[in-house]
Every structure is written in C-alpha cells, then in structure tokens.
file model.cif (mmCIF, N, CA and C atoms)
data_structure
loop_
_atom_site.label_atom_id
_atom_site.label_comp_id
_atom_site.auth_asym_id
_atom_site.auth_seq_id
_atom_site.Cartn_x
_atom_site.Cartn_y
_atom_site.Cartn_z
N MET A 1 18.17 12.78 -11.70
CA MET A 1 18.55 13.15 -13.04
C MET A 1 17.70 14.35 -13.46
N SER A 2 18.33 15.37 -13.90
CA SER A 2 17.64 16.58 -14.34
C SER A 2 17.52 16.59 -15.86
N ILE A 3 16.43 17.13 -16.34
CA ILE A 3 16.25 17.17 -17.79
C ILE A 3 16.03 18.59 -18.26
N ASP A 4 16.34 18.81 -19.50
CA ASP A 4 16.07 20.08 -20.15
C ASP A 4 14.63 20.01 -20.65
N ARG A 5 13.73 20.78 -20.02
CA ARG A 5 12.30 20.71 -20.33
C ARG A 5 12.02 21.05 -21.80
N LYS A 6 12.72 22.05 -22.34
CA LYS A 6 12.50 22.42 -23.74
C LYS A 6 12.88 21.27 -24.66
N LYS A 7 13.97 20.60 -24.36
CA LYS A 7 14.40 19.46 -25.18
C LYS A 7 13.38 18.33 -25.07
N GLN A 8 12.87 18.10 -23.88
CA GLN A 8 11.87 17.07 -23.66
C GLN A 8 10.61 17.36 -24.51
N ILE A 9 10.17 18.60 -24.52
CA ILE A 9 8.99 18.98 -25.30
C ILE A 9 9.26 18.86 -26.80
N ARG A 10 10.48 19.23 -27.23
CA ARG A 10 10.84 19.08 -28.65
C ARG A 10 10.78 17.61 -29.07
N VAL A 11 11.30 16.74 -28.23
CA VAL A 11 11.29 15.30 -28.53
C VAL A 11 9.85 14.79 -28.56
N ALA A 12 9.04 15.20 -27.60
CA ALA A 12 7.63 14.79 -27.59
C ALA A 12 6.93 15.25 -28.86
N ASN A 13 7.16 16.49 -29.26
CA ASN A 13 6.53 17.01 -30.48
C ASN A 13 6.99 16.26 -31.72
N LYS A 14 8.27 15.88 -31.75
CA LYS A 14 8.79 15.11 -32.88
C LYS A 14 8.11 13.75 -32.96
N VAL A 15 7.97 13.08 -31.83
CA VAL A 15 7.34 11.77 -31.79
C VAL A 15 5.86 11.89 -32.20
N ILE A 16 5.19 12.91 -31.67
CA ILE A 16 3.78 13.13 -32.01
C ILE A 16 3.63 13.35 -33.51
N LYS A 17 4.47 14.20 -34.07
CA LYS A 17 4.39 14.50 -35.51
C LYS A 17 4.58 13.23 -36.34
N GLU A 18 5.57 12.42 -36.00
CA GLU A 18 5.84 11.20 -36.75
C GLU A 18 4.69 10.19 -36.63
N LEU A 19 4.17 10.03 -35.42
CA LEU A 19 3.08 9.09 -35.23
C LEU A 19 1.81 9.56 -35.94
N LYS A 20 1.53 10.85 -35.88
CA LYS A 20 0.36 11.39 -36.59
C LYS A 20 0.51 11.16 -38.09
N HIS A 21 1.72 11.38 -38.60
CA HIS A 21 2.00 11.18 -40.03
C HIS A 21 1.73 9.72 -40.44
N LYS A 22 1.94 8.81 -39.50
CA LYS A 22 1.75 7.39 -39.78
C LYS A 22 0.32 6.93 -39.47
N GLY A 23 -0.56 7.88 -39.13
CA GLY A 23 -1.98 7.57 -38.96
C GLY A 23 -2.45 7.26 -37.56
N PHE A 24 -1.61 7.46 -36.57
CA PHE A 24 -2.00 7.20 -35.19
C PHE A 24 -2.77 8.39 -34.61
N LYS A 25 -3.66 8.08 -33.67
CA LYS A 25 -4.34 9.11 -32.87
C LYS A 25 -3.55 9.24 -31.57
N ILE A 26 -3.27 10.48 -31.19
CA ILE A 26 -2.43 10.71 -30.02
C ILE A 26 -3.16 11.62 -29.03
N ASN A 27 -3.13 11.22 -27.75
CA ASN A 27 -3.57 12.07 -26.66
C ASN A 27 -2.34 12.38 -25.83
N GLN A 28 -2.19 13.64 -25.44
CA GLN A 28 -1.02 14.07 -24.69
C GLN A 28 -1.46 14.69 -23.38
N TYR A 29 -0.73 14.39 -22.32
CA TYR A 29 -0.96 15.12 -21.08
C TYR A 29 0.33 15.19 -20.28
N TYR A 30 0.37 16.17 -19.39
CA TYR A 30 1.53 16.42 -18.55
C TYR A 30 1.20 15.96 -17.13
N ALA A 31 2.16 15.31 -16.50
CA ALA A 31 1.97 14.88 -15.12
C ALA A 31 1.86 16.09 -14.22
N LYS A 32 1.06 15.97 -13.18
CA LYS A 32 0.87 17.08 -12.25
C LYS A 32 1.99 17.17 -11.22
N THR A 33 2.57 16.04 -10.85
CA THR A 33 3.55 16.03 -9.77
C THR A 33 4.98 15.76 -10.23
N THR A 34 5.16 15.42 -11.50
CA THR A 34 6.52 15.17 -12.01
C THR A 34 6.68 15.93 -13.33
N ARG A 35 7.84 15.79 -13.93
CA ARG A 35 8.11 16.46 -15.19
C ARG A 35 7.92 15.49 -16.37
N SER A 36 6.98 14.60 -16.25
CA SER A 36 6.73 13.61 -17.29
C SER A 36 5.68 14.10 -18.28
N ILE A 37 5.84 13.65 -19.52
CA ILE A 37 4.85 13.85 -20.56
C ILE A 37 4.36 12.46 -20.96
N TYR A 38 3.05 12.32 -21.07
CA TYR A 38 2.46 11.03 -21.43
C TYR A 38 1.74 11.15 -22.76
N LEU A 39 1.92 10.15 -23.61
CA LEU A 39 1.24 10.09 -24.90
C LEU A 39 0.48 8.77 -24.97
N LYS A 40 -0.82 8.84 -25.15
CA LYS A 40 -1.61 7.63 -25.37
C LYS A 40 -1.72 7.45 -26.87
N ILE A 41 -1.46 6.24 -27.32
CA ILE A 41 -1.43 5.94 -28.75
C ILE A 41 -2.71 5.22 -29.14
N ASP A 42 -3.40 5.75 -30.13
CA ASP A 42 -4.70 5.21 -30.54
C ASP A 42 -5.60 5.03 -29.32
N TYR A 43 -5.69 6.09 -28.53
CA TYR A 43 -6.53 6.13 -27.32
C TYR A 43 -6.15 5.04 -26.33
N GLY A 44 -4.89 4.65 -26.33
CA GLY A 44 -4.39 3.65 -25.39
C GLY A 44 -4.44 2.23 -25.90
N VAL A 45 -5.09 1.98 -27.02
CA VAL A 45 -5.19 0.62 -27.57
C VAL A 45 -3.81 0.11 -27.95
N CYS A 46 -2.96 1.00 -28.40
CA CYS A 46 -1.61 0.61 -28.81
C CYS A 46 -0.59 1.03 -27.74
N GLY A 47 -1.03 1.14 -26.52
CA GLY A 47 -0.14 1.46 -25.42
C GLY A 47 0.06 2.95 -25.24
N GLY A 48 1.08 3.28 -24.49
CA GLY A 48 1.38 4.67 -24.21
C GLY A 48 2.87 4.88 -24.08
N ILE A 49 3.27 6.13 -24.22
CA ILE A 49 4.68 6.51 -24.11
C ILE A 49 4.81 7.44 -22.90
N ARG A 50 5.79 7.16 -22.07
CA ARG A 50 6.13 8.04 -20.96
C ARG A 50 7.47 8.67 -21.29
N ILE A 51 7.48 10.00 -21.38
CA ILE A 51 8.72 10.73 -21.63
C ILE A 51 9.09 11.38 -20.31
N SER A 52 10.20 10.94 -19.74
CA SER A 52 10.48 11.33 -18.36
C SER A 52 11.97 11.30 -18.05
N ASP A 53 12.27 11.64 -16.81
CA ASP A 53 13.65 11.61 -16.34
C ASP A 53 13.80 10.74 -15.09
N HIS A 54 12.77 9.98 -14.76
CA HIS A 54 12.81 9.20 -13.53
C HIS A 54 12.09 7.87 -13.72
N ARG A 55 12.26 7.03 -12.76
CA ARG A 55 11.59 5.73 -12.76
C ARG A 55 10.08 5.98 -12.62
N GLY A 56 9.31 5.29 -13.41
CA GLY A 56 7.87 5.53 -13.43
C GLY A 56 7.12 4.82 -12.32
N LYS A 57 6.06 5.45 -11.87
CA LYS A 57 5.17 4.83 -10.88
C LYS A 57 4.19 3.91 -11.59
N LYS A 58 3.72 4.35 -12.76
CA LYS A 58 2.81 3.54 -13.56
C LYS A 58 3.63 2.74 -14.56
N LYS A 59 3.06 1.64 -14.99
CA LYS A 59 3.74 0.80 -15.97
C LYS A 59 3.34 1.23 -17.37
N TYR A 60 4.22 1.91 -18.04
CA TYR A 60 4.01 2.29 -19.43
C TYR A 60 4.78 1.35 -20.33
N ARG A 61 4.17 0.97 -21.42
CA ARG A 61 4.79 0.04 -22.37
C ARG A 61 6.06 0.64 -22.95
N TYR A 62 5.98 1.92 -23.33
CA TYR A 62 7.12 2.59 -23.96
C TYR A 62 7.60 3.72 -23.06
N ASN A 63 8.90 3.75 -22.81
CA ASN A 63 9.51 4.74 -21.93
C ASN A 63 10.64 5.41 -22.68
N LEU A 64 10.55 6.73 -22.85
CA LEU A 64 11.55 7.50 -23.58
C LEU A 64 12.24 8.40 -22.56
N ILE A 65 13.51 8.11 -22.33
CA ILE A 65 14.25 8.81 -21.27
C ILE A 65 15.57 9.30 -21.83
N GLU A 66 15.83 10.59 -21.66
CA GLU A 66 17.08 11.17 -22.17
C GLU A 66 18.28 10.43 -21.59
N GLN A 67 19.22 10.10 -22.44
CA GLN A 67 20.47 9.43 -22.07
C GLN A 67 20.22 8.14 -21.28
N TYR A 68 19.17 7.42 -21.62
CA TYR A 68 18.85 6.18 -20.92
C TYR A 68 19.95 5.15 -21.15
N LYS A 69 20.38 4.53 -20.08
CA LYS A 69 21.35 3.45 -20.13
C LYS A 69 20.76 2.31 -19.30
N GLY A 70 20.73 1.17 -19.89
CA GLY A 70 20.18 0.02 -19.18
C GLY A 70 19.53 -0.93 -20.16
N PRO A 71 18.83 -1.93 -19.62
CA PRO A 71 18.18 -2.89 -20.50
C PRO A 71 17.11 -2.21 -21.36
N LYS A 72 17.02 -2.64 -22.59
CA LYS A 72 16.05 -2.04 -23.51
C LYS A 72 14.66 -2.64 -23.34
N GLN A 73 14.59 -3.80 -22.71
CA GLN A 73 13.31 -4.46 -22.48
C GLN A 73 13.33 -5.08 -21.10
N ILE A 74 12.24 -4.87 -20.36
CA ILE A 74 12.12 -5.44 -19.01
C ILE A 74 10.80 -6.18 -18.92
N ASN A 75 10.85 -7.39 -18.41
CA ASN A 75 9.64 -8.16 -18.14
C ASN A 75 9.25 -7.86 -16.69
N ASP A 76 8.24 -7.03 -16.52
CA ASP A 76 7.80 -6.58 -15.20
C ASP A 76 6.56 -7.38 -14.79
N ARG A 77 6.81 -8.58 -14.24
CA ARG A 77 5.74 -9.50 -13.83
C ARG A 77 4.76 -9.79 -14.97
N GLY A 78 5.32 -10.12 -16.11
CA GLY A 78 4.51 -10.49 -17.27
C GLY A 78 4.16 -9.33 -18.18
N TYR A 79 4.49 -8.11 -17.78
CA TYR A 79 4.21 -6.93 -18.60
C TYR A 79 5.53 -6.44 -19.20
N ILE A 80 5.64 -6.46 -20.51
CA ILE A 80 6.88 -6.06 -21.18
C ILE A 80 6.93 -4.53 -21.27
N ARG A 81 8.01 -3.96 -20.77
CA ARG A 81 8.23 -2.51 -20.83
C ARG A 81 9.47 -2.27 -21.67
N MET A 82 9.37 -1.31 -22.60
CA MET A 82 10.46 -1.00 -23.51
C MET A 82 11.05 0.36 -23.13
N PHE A 83 12.38 0.49 -23.27
CA PHE A 83 13.07 1.72 -22.90
C PHE A 83 13.93 2.21 -24.06
N TYR A 84 13.90 3.51 -24.29
CA TYR A 84 14.62 4.15 -25.38
C TYR A 84 15.21 5.45 -24.86
N ASP A 85 16.32 5.88 -25.49
CA ASP A 85 16.82 7.22 -25.20
C ASP A 85 16.38 8.15 -26.33
N TYR A 86 16.66 9.42 -26.19
CA TYR A 86 16.17 10.42 -27.16
C TYR A 86 16.71 10.18 -28.57
N ASP A 87 17.82 9.46 -28.68
CA ASP A 87 18.40 9.18 -30.00
C ASP A 87 17.76 7.97 -30.67
N ASN A 88 16.84 7.31 -30.00
CA ASN A 88 16.22 6.09 -30.52
C ASN A 88 14.75 6.27 -30.87
N THR A 89 14.32 7.47 -31.22
CA THR A 89 12.90 7.68 -31.50
C THR A 89 12.44 6.90 -32.73
N GLU A 90 13.33 6.69 -33.70
CA GLU A 90 12.95 5.93 -34.89
C GLU A 90 12.62 4.48 -34.51
N LYS A 91 13.41 3.90 -33.64
CA LYS A 91 13.18 2.53 -33.17
C LYS A 91 11.88 2.48 -32.36
N LEU A 92 11.64 3.47 -31.54
CA LEU A 92 10.40 3.56 -30.76
C LEU A 92 9.19 3.54 -31.70
N ILE A 93 9.21 4.39 -32.71
CA ILE A 93 8.09 4.49 -33.65
C ILE A 93 7.92 3.19 -34.43
N SER A 94 9.02 2.59 -34.84
CA SER A 94 8.96 1.30 -35.54
C SER A 94 8.33 0.23 -34.66
N ASP A 95 8.72 0.19 -33.39
CA ASP A 95 8.16 -0.81 -32.46
C ASP A 95 6.66 -0.58 -32.26
N ILE A 96 6.24 0.67 -32.20
CA ILE A 96 4.81 0.99 -32.04
C ILE A 96 4.04 0.55 -33.28
N GLN A 97 4.59 0.82 -34.46
CA GLN A 97 3.94 0.37 -35.70
C GLN A 97 3.79 -1.15 -35.72
N ASN A 98 4.84 -1.85 -35.31
CA ASN A 98 4.79 -3.31 -35.29
C ASN A 98 3.75 -3.82 -34.29
N GLU A 99 3.66 -3.15 -33.14
CA GLU A 99 2.66 -3.57 -32.16
C GLU A 99 1.24 -3.39 -32.72
N LYS A 100 1.00 -2.28 -33.41
CA LYS A 100 -0.32 -2.05 -34.00
C LYS A 100 -0.63 -3.14 -35.02
N LYS A 101 0.33 -3.46 -35.86
CA LYS A 101 0.12 -4.52 -36.87
C LYS A 101 -0.23 -5.84 -36.19
N LEU A 102 0.49 -6.19 -35.13
CA LEU A 102 0.23 -7.44 -34.42
C LEU A 102 -1.17 -7.44 -33.79
N LYS A 103 -1.57 -6.31 -33.22
CA LYS A 103 -2.90 -6.24 -32.60
C LYS A 103 -4.00 -6.31 -33.64
N ILE A 104 -3.80 -5.67 -34.77
CA ILE A 104 -4.80 -5.74 -35.83
C ILE A 104 -4.89 -7.17 -36.37
N TYR A 105 -3.74 -7.83 -36.50
CA TYR A 105 -3.72 -9.22 -36.95
C TYR A 105 -4.45 -10.11 -35.93
N LYS A 106 -4.19 -9.87 -34.66
CA LYS A 106 -4.78 -10.70 -33.59
C LYS A 106 -6.27 -10.44 -33.42
N TYR A 107 -6.69 -9.18 -33.38
CA TYR A 107 -8.09 -8.83 -33.07
C TYR A 107 -8.93 -8.48 -34.30
N GLY A 108 -8.25 -8.14 -35.40
CA GLY A 108 -8.96 -7.68 -36.58
C GLY A 108 -9.12 -6.17 -36.55
N ILE A 109 -9.20 -5.57 -37.73
CA ILE A 109 -9.27 -4.11 -37.82
C ILE A 109 -10.55 -3.58 -37.18
N TYR A 110 -11.67 -4.29 -37.37
CA TYR A 110 -12.94 -3.82 -36.81
C TYR A 110 -12.86 -3.76 -35.28
N ASN A 111 -12.35 -4.81 -34.65
CA ASN A 111 -12.24 -4.82 -33.18
C ASN A 111 -11.24 -3.77 -32.69
N TYR A 112 -10.13 -3.61 -33.40
CA TYR A 112 -9.14 -2.59 -33.03
C TYR A 112 -9.81 -1.22 -33.02
N GLN A 113 -10.54 -0.91 -34.07
CA GLN A 113 -11.22 0.38 -34.16
C GLN A 113 -12.32 0.50 -33.10
N SER A 114 -13.00 -0.59 -32.78
CA SER A 114 -14.02 -0.58 -31.73
C SER A 114 -13.39 -0.28 -30.37
N TYR A 115 -12.23 -0.89 -30.10
CA TYR A 115 -11.52 -0.61 -28.85
C TYR A 115 -11.11 0.85 -28.77
N MET A 116 -10.67 1.39 -29.91
CA MET A 116 -10.30 2.82 -29.95
C MET A 116 -11.51 3.69 -29.62
N LYS A 117 -12.64 3.38 -30.22
CA LYS A 117 -13.84 4.18 -29.99
C LYS A 117 -14.27 4.09 -28.53
N LYS A 118 -14.24 2.89 -27.97
CA LYS A 118 -14.62 2.71 -26.57
C LYS A 118 -13.70 3.51 -25.65
N ASN A 119 -12.39 3.39 -25.88
CA ASN A 119 -11.43 4.12 -25.04
C ASN A 119 -11.59 5.63 -25.20
N SER A 120 -11.88 6.06 -26.42
CA SER A 120 -12.09 7.48 -26.67
C SER A 120 -13.28 7.99 -25.85
N MET A 121 -14.35 7.22 -25.83
CA MET A 121 -15.55 7.62 -25.07
C MET A 121 -15.30 7.53 -23.57
N ASP A 122 -14.57 6.51 -23.12
CA ASP A 122 -14.27 6.35 -21.69
C ASP A 122 -13.45 7.52 -21.15
N ASN A 123 -12.61 8.09 -22.00
CA ASN A 123 -11.71 9.17 -21.57
C ASN A 123 -12.18 10.55 -22.03
N LEU A 124 -13.41 10.65 -22.44
CA LEU A 124 -13.93 11.88 -23.03
C LEU A 124 -13.74 13.10 -22.13
N TYR A 125 -13.89 12.93 -20.84
CA TYR A 125 -13.85 14.09 -19.93
C TYR A 125 -12.56 14.18 -19.13
N LYS A 126 -11.57 13.39 -19.50
CA LYS A 126 -10.27 13.48 -18.83
C LYS A 126 -9.47 14.63 -19.41
N THR A 127 -8.37 14.95 -18.76
CA THR A 127 -7.60 16.16 -19.11
C THR A 127 -6.53 15.90 -20.16
N PHE A 128 -6.86 15.11 -21.18
CA PHE A 128 -5.91 14.88 -22.25
C PHE A 128 -5.99 16.02 -23.25
N LYS A 129 -4.88 16.28 -23.89
CA LYS A 129 -4.85 17.19 -25.02
C LYS A 129 -4.84 16.31 -26.26
N ASN A 130 -5.92 16.35 -27.02
CA ASN A 130 -6.01 15.53 -28.23
C ASN A 130 -5.20 16.20 -29.31
N VAL A 131 -4.11 15.60 -29.71
CA VAL A 131 -3.22 16.22 -30.70
C VAL A 131 -3.29 15.55 -32.06
N ALA A 132 -4.17 14.59 -32.21
CA ALA A 132 -4.29 13.91 -33.51
C ALA A 132 -5.69 14.08 -34.06
#
call {"tool": "encode", "arguments": {"input": "model.cif", "output": "structure tokens"}}
result
Amino acid sequence: MSIDRKKQIRVANKVIKELKHKGFKINQYYAKTTRSIYLKIDYGVCGGIRISDHRGKKKYRYNLIEQYKGPKQINDRGYIRMFYDYDNTEKLISDIQNEKKLKIYKYGIYNYQSYMKKNSMDNLYKTFKNVA
C-alpha cells in the first residue's frame, strides 16, 4: 500500500495540534527504514500512535492508517491495539483522552506525572522531536 507522504504529515500535524491543545506532551519521530511517523503521548505514559501504511513490527496501542479497513480493535496476546483511518482522528483523540483519564484514576495524578518525568529523563538523548 502506497501513501501520500504530504497527506500523512498533514494528518500527523493535525493530531499533534489537537493533542497539544488538550494538554498532552508529544514526542515525534520518523522511522529510519519505513515511512512511518511515531508519536509518543505524554512521554509514552499514555501510549503511542503509529501513522503508517503497513503492518507494524512494534506493538503500538494506536495505529492510524490511511483507508484502513479491518477490525478496529485487536487483542494481540493480551495487548489491545486500536486501528483508525485518517477520517477517524476525532475518535482516536477521544480514545486517548479516555485512556489518560483511566490511568489517572487508576494511578493518581501524582504517579501519572512521575511516570511522565521518568520516561522523559529515560528518553532524554533519543532522537525524538519534542513538539509539545
């Protein structure tokens, strides 16, 4: 499946803008060997988004694929993976907001923020583009 790279970047920028507006911290990076864009949400505490045109090698919680057809949720050996097409970015963002709420409820705001700080420090020297 071939993708329009400019459209992929526009969609990534739209998602980044919306998530930043809602208070999320976003790290962005481009795959070296594929045409995928990866977004870590709240330094990975709230999962990550893979924007791509192919089946992923890594297990990302959220997968945004142009013209995606198939199951919207897959249980991959106990790890739930969600799939969206480019027309479903609102649902993607809503699901991410709900996941953050659930994690804050489960761990508490202090622990959530502590996990963010730890992940931020752990990834300090990696090749992410901090966009938030």
call {"tool": "resolve_selection", "arguments": {"input": "model.cif", "expression": "the PyMOL selection byres (((chain A and resi 92 and name CA) around 9) and name CA)", "output": "list in words"}}
result
Val15, Tyr62, Asn63, Leu64, Met82, Phe83, Tyr84, Asn88, Thr89, Glu90, Lys91, Ile93, Ser94, Asp95, Ile96 and Gln97 of chain A
call {"tool": "residues_around", "arguments": {"input": "model.cif", "residues": "Ile51 in chain A", "least_positions_apart": "2", "cutoff": "7 Å", "atoms": "all atoms listed in the file", "output": "list in words"}}
result
Arg35, Ser36, Ile37, Tyr38, Leu39, Ile49, Asp53, His54, Tyr62, Asn63, Leu64, Ile65 and Glu66 of chain A
call {"tool": "axis_aligned_box", "arguments": {"input": "model.cif", "around": "range 67-80 of chain A", "padding_each_side": "8 Å", "output": "JSON"}}
result
{"center_x": 12.8, "center_y": -0.2, "center_z": -18.7, "size_x": 33.2, "size_y": 36.6, "size_z": 25.7}
call {"tool": "select_by_dssp", "arguments": {"input": "model.cif", "residues": "range 3-132 of chain A", "states": "strand (DSSP E or B)", "output": "PyMOL selection string"}}
result
chain A and resi 26-30+37-41+48-52+62-65+73-76+79-84+129-130
call {"tool": "atom_distance", "arguments": {"input": "model.cif", "atom1": "CA of Gly70 in chain A", "atom2": "CA of Gly44 in chain A"}}
result
25.6 Å
call {"tool": "residues_around", "arguments": {"input": "model.cif", "residues": "range 59-61 of chain A", "least_positions_apart": "4", "cutoff": "6 Å", "atoms": "all atoms listed in the file", "output": "PyMOL selection string"}}
result
chain A and resi 47-50+80-82
call {"tool": "residues_around", "arguments": {"input": "model.cif", "residues": "Lys17 in chain A", "least_positions_apart": "5", "cutoff": "12 Å", "atoms": "only C-alpha atoms", "output": "ChimeraX atom specification"}}
result
/A:10-12,22-26,39,89,93,131-132
call {"tool": "atom_distance", "arguments": {"input": "model.cif", "atom1": "CA of Ile41 in chain A", "atom2": "CA of Asn27 in chain A"}}
result
6.8 Å
call {"tool": "residues_around", "arguments": {"input": "model.cif", "residues": "range 110-126 of chain A", "least_positions_apart": "6", "cutoff": "6.5 Å", "atoms": "all atoms listed in the file", "output": "PDB file with N, CA and C atoms, keeping the file's coordinate frame"}}
result
ATOM      1  N   ASP A  42      -3.400   5.750 -30.130  1.00  0.00           N
ATOM      2  CA  ASP A  42      -4.700   5.210 -30.540  1.00  0.00           C
ATOM      3  C   ASP A  42      -5.600   5.030 -29.320  1.00  0.00           C
ATOM      4  N   TYR A  43      -5.690   6.090 -28.530  1.00  0.00           N
ATOM      5  CA  TYR A  43      -6.530   6.130 -27.320  1.00  0.00           C
ATOM      6  C   TYR A  43      -6.150   5.040 -26.330  1.00  0.00           C
ATOM      7  N   VAL A  45      -5.090   1.980 -27.020  1.00  0.00           N
ATOM      8  CA  VAL A  45      -5.190   0.620 -27.570  1.00  0.00           C
ATOM      9  C   VAL A  45      -3.810   0.110 -27.950  1.00  0.00           C
ATOM     10  N   LYS A 103      -1.570  -6.310 -33.220  1.00  0.00           N
ATOM     11  CA  LYS A 103      -2.900  -6.240 -32.600  1.00  0.00           C
ATOM     12  C   LYS A 103      -4.000  -6.310 -33.640  1.00  0.00           C
ATOM     13  N   ILE A 104      -3.800  -5.670 -34.770  1.00  0.00           N
ATOM     14  CA  ILE A 104      -4.800  -5.740 -35.830  1.00  0.00           C
ATOM     15  C   ILE A 104      -4.890  -7.170 -36.370  1.00  0.00           C
TER      16      ILE A 104
END
call {"tool": "select_by_dssp", "arguments": {"input": "model.cif", "residues": "chain A", "states": "helix (DSSP H, G or I)", "output": "MDAnalysis selection string"}}
result
chainID A and resid 5:21 42:44 86:107 109:122
call {"tool": "atom_distance", "arguments": {"input": "model.cif", "atom1": "CA of Tyr86 in chain A", "atom2": "CA of Gln8 in chain A"}}
result
8.7 Å
call {"tool": "build_atoms", "arguments": {"input": "model.cif", "residues": "range 51-67 of chain A", "atoms": "N, CA, C and O atoms", "output": "PDB file, in the coordinates of the input"}}
result
ATOM      1  N   ILE A  51       7.480  10.000 -21.380  1.00  0.00           N
ATOM      2  CA  ILE A  51       8.720  10.730 -21.630  1.00  0.00           C
ATOM      3  C   ILE A  51       9.090  11.380 -20.310  1.00  0.00           C
ATOM      4  O   ILE A  51       8.384  12.260 -19.823  1.00  0.00           O
ATOM      5  N   SER A  52      10.200  10.940 -19.740  1.00  0.00           N
ATOM      6  CA  SER A  52      10.480  11.330 -18.360  1.00  0.00           C
ATOM      7  C   SER A  52      11.970  11.300 -18.050  1.00  0.00           C
ATOM      8  O   SER A  52      12.790  10.939 -18.882  1.00  0.00           O
ATOM      9  N   ASP A  53      12.270  11.640 -16.810  1.00  0.00           N
ATOM     10  CA  ASP A  53      13.650  11.610 -16.340  1.00  0.00           C
ATOM     11  C   ASP A  53      13.800  10.740 -15.090  1.00  0.00           C
ATOM     12  O   ASP A  53      14.811  10.779 -14.415  1.00  0.00           O
ATOM     13  N   HIS A  54      12.770   9.980 -14.760  1.00  0.00           N
ATOM     14  CA  HIS A  54      12.810   9.200 -13.530  1.00  0.00           C
ATOM     15  C   HIS A  54      12.090   7.870 -13.720  1.00  0.00           C
ATOM     16  O   HIS A  54      11.391   7.667 -14.706  1.00  0.00           O
ATOM     17  N   ARG A  55      12.260   7.030 -12.760  1.00  0.00           N
ATOM     18  CA  ARG A  55      11.590   5.730 -12.760  1.00  0.00           C
ATOM     19  C   ARG A  55      10.080   5.980 -12.620  1.00  0.00           C
ATOM     20  O   ARG A  55       9.648   6.759 -11.804  1.00  0.00           O
ATOM     21  N   GLY A  56       9.310   5.290 -13.410  1.00  0.00           N
ATOM     22  CA  GLY A  56       7.870   5.530 -13.430  1.00  0.00           C
ATOM     23  C   GLY A  56       7.120   4.820 -12.320  1.00  0.00           C
ATOM     24  O   GLY A  56       7.498   3.739 -11.893  1.00  0.00           O
ATOM     25  N   LYS A  57       6.060   5.450 -11.870  1.00  0.00           N
ATOM     26  CA  LYS A  57       5.170   4.830 -10.880  1.00  0.00           C
ATOM     27  C   LYS A  57       4.190   3.910 -11.590  1.00  0.00           C
ATOM     28  O   LYS A  57       3.838   2.858 -11.102  1.00  0.00           O
ATOM     29  N   LYS A  58       3.720   4.350 -12.760  1.00  0.00           N
ATOM     30  CA  LYS A  58       2.810   3.540 -13.560  1.00  0.00           C
ATOM     31  C   LYS A  58       3.630   2.740 -14.560  1.00  0.00           C
ATOM     32  O   LYS A  58       4.721   3.131 -14.940  1.00  0.00           O
ATOM     33  N   LYS A  59       3.060   1.640 -14.990  1.00  0.00           N
ATOM     34  CA  LYS A  59       3.740   0.800 -15.970  1.00  0.00           C
ATOM     35  C   LYS A  59       3.340   1.230 -17.370  1.00  0.00           C
ATOM     36  O   LYS A  59       2.244   0.925 -17.821  1.00  0.00           O
ATOM     37  N   TYR A  60       4.220   1.910 -18.040  1.00  0.00           N
ATOM     38  CA  TYR A  60       4.010   2.290 -19.430  1.00  0.00           C
ATOM     39  C   TYR A  60       4.780   1.350 -20.330  1.00  0.00           C
ATOM     40  O   TYR A  60       5.901   0.973 -20.021  1.00  0.00           O
ATOM     41  N   ARG A  61       4.170   0.970 -21.420  1.00  0.00           N
ATOM     42  CA  ARG A  61       4.790   0.040 -22.370  1.00  0.00           C
ATOM     43  C   ARG A  61       6.060   0.640 -22.950  1.00  0.00           C
ATOM     44  O   ARG A  61       7.082  -0.010 -23.048  1.00  0.00           O
ATOM     45  N   TYR A  62       5.980   1.920 -23.330  1.00  0.00           N
ATOM     46  CA  TYR A  62       7.120   2.590 -23.960  1.00  0.00           C
ATOM     47  C   TYR A  62       7.600   3.720 -23.060  1.00  0.00           C
ATOM     48  O   TYR A  62       6.806   4.557 -22.611  1.00  0.00           O
ATOM     49  N   ASN A  63       8.900   3.750 -22.810  1.00  0.00           N
ATOM     50  CA  ASN A  63       9.510   4.740 -21.930  1.00  0.00           C
ATOM     51  C   ASN A  63      10.640   5.410 -22.680  1.00  0.00           C
ATOM     52  O   ASN A  63      11.584   4.743 -23.116  1.00  0.00           O
ATOM     53  N   LEU A  64      10.550   6.730 -22.850  1.00  0.00           N
ATOM     54  CA  LEU A  64      11.550   7.500 -23.580  1.00  0.00           C
ATOM     55  C   LEU A  64      12.240   8.400 -22.560  1.00  0.00           C
ATOM     56  O   LEU A  64      11.619   9.307 -21.995  1.00  0.00           O
ATOM     57  N   ILE A  65      13.510   8.110 -22.330  1.00  0.00           N
ATOM     58  CA  ILE A  65      14.250   8.810 -21.270  1.00  0.00           C
ATOM     59  C   ILE A  65      15.570   9.300 -21.830  1.00  0.00           C
ATOM     60  O   ILE A  65      16.332   8.519 -22.421  1.00  0.00           O
ATOM     61  N   GLU A  66      15.830  10.590 -21.660  1.00  0.00           N
ATOM     62  CA  GLU A  66      17.080  11.170 -22.170  1.00  0.00           C
ATOM     63  C   GLU A  66      18.280  10.430 -21.590  1.00  0.00           C
ATOM     64  O   GLU A  66      18.333  10.148 -20.391  1.00  0.00           O
ATOM     65  N   GLN A  67      19.220  10.100 -22.440  1.00  0.00           N
ATOM     66  CA  GLN A  67      20.470   9.430 -22.070  1.00  0.00           C
ATOM     67  C   GLN A  67      20.220   8.140 -21.280  1.00  0.00           C
ATOM     68  O   GLN A  67      20.970   7.805 -20.372  1.00  0.00           O
TER      69      GLN A  67
END
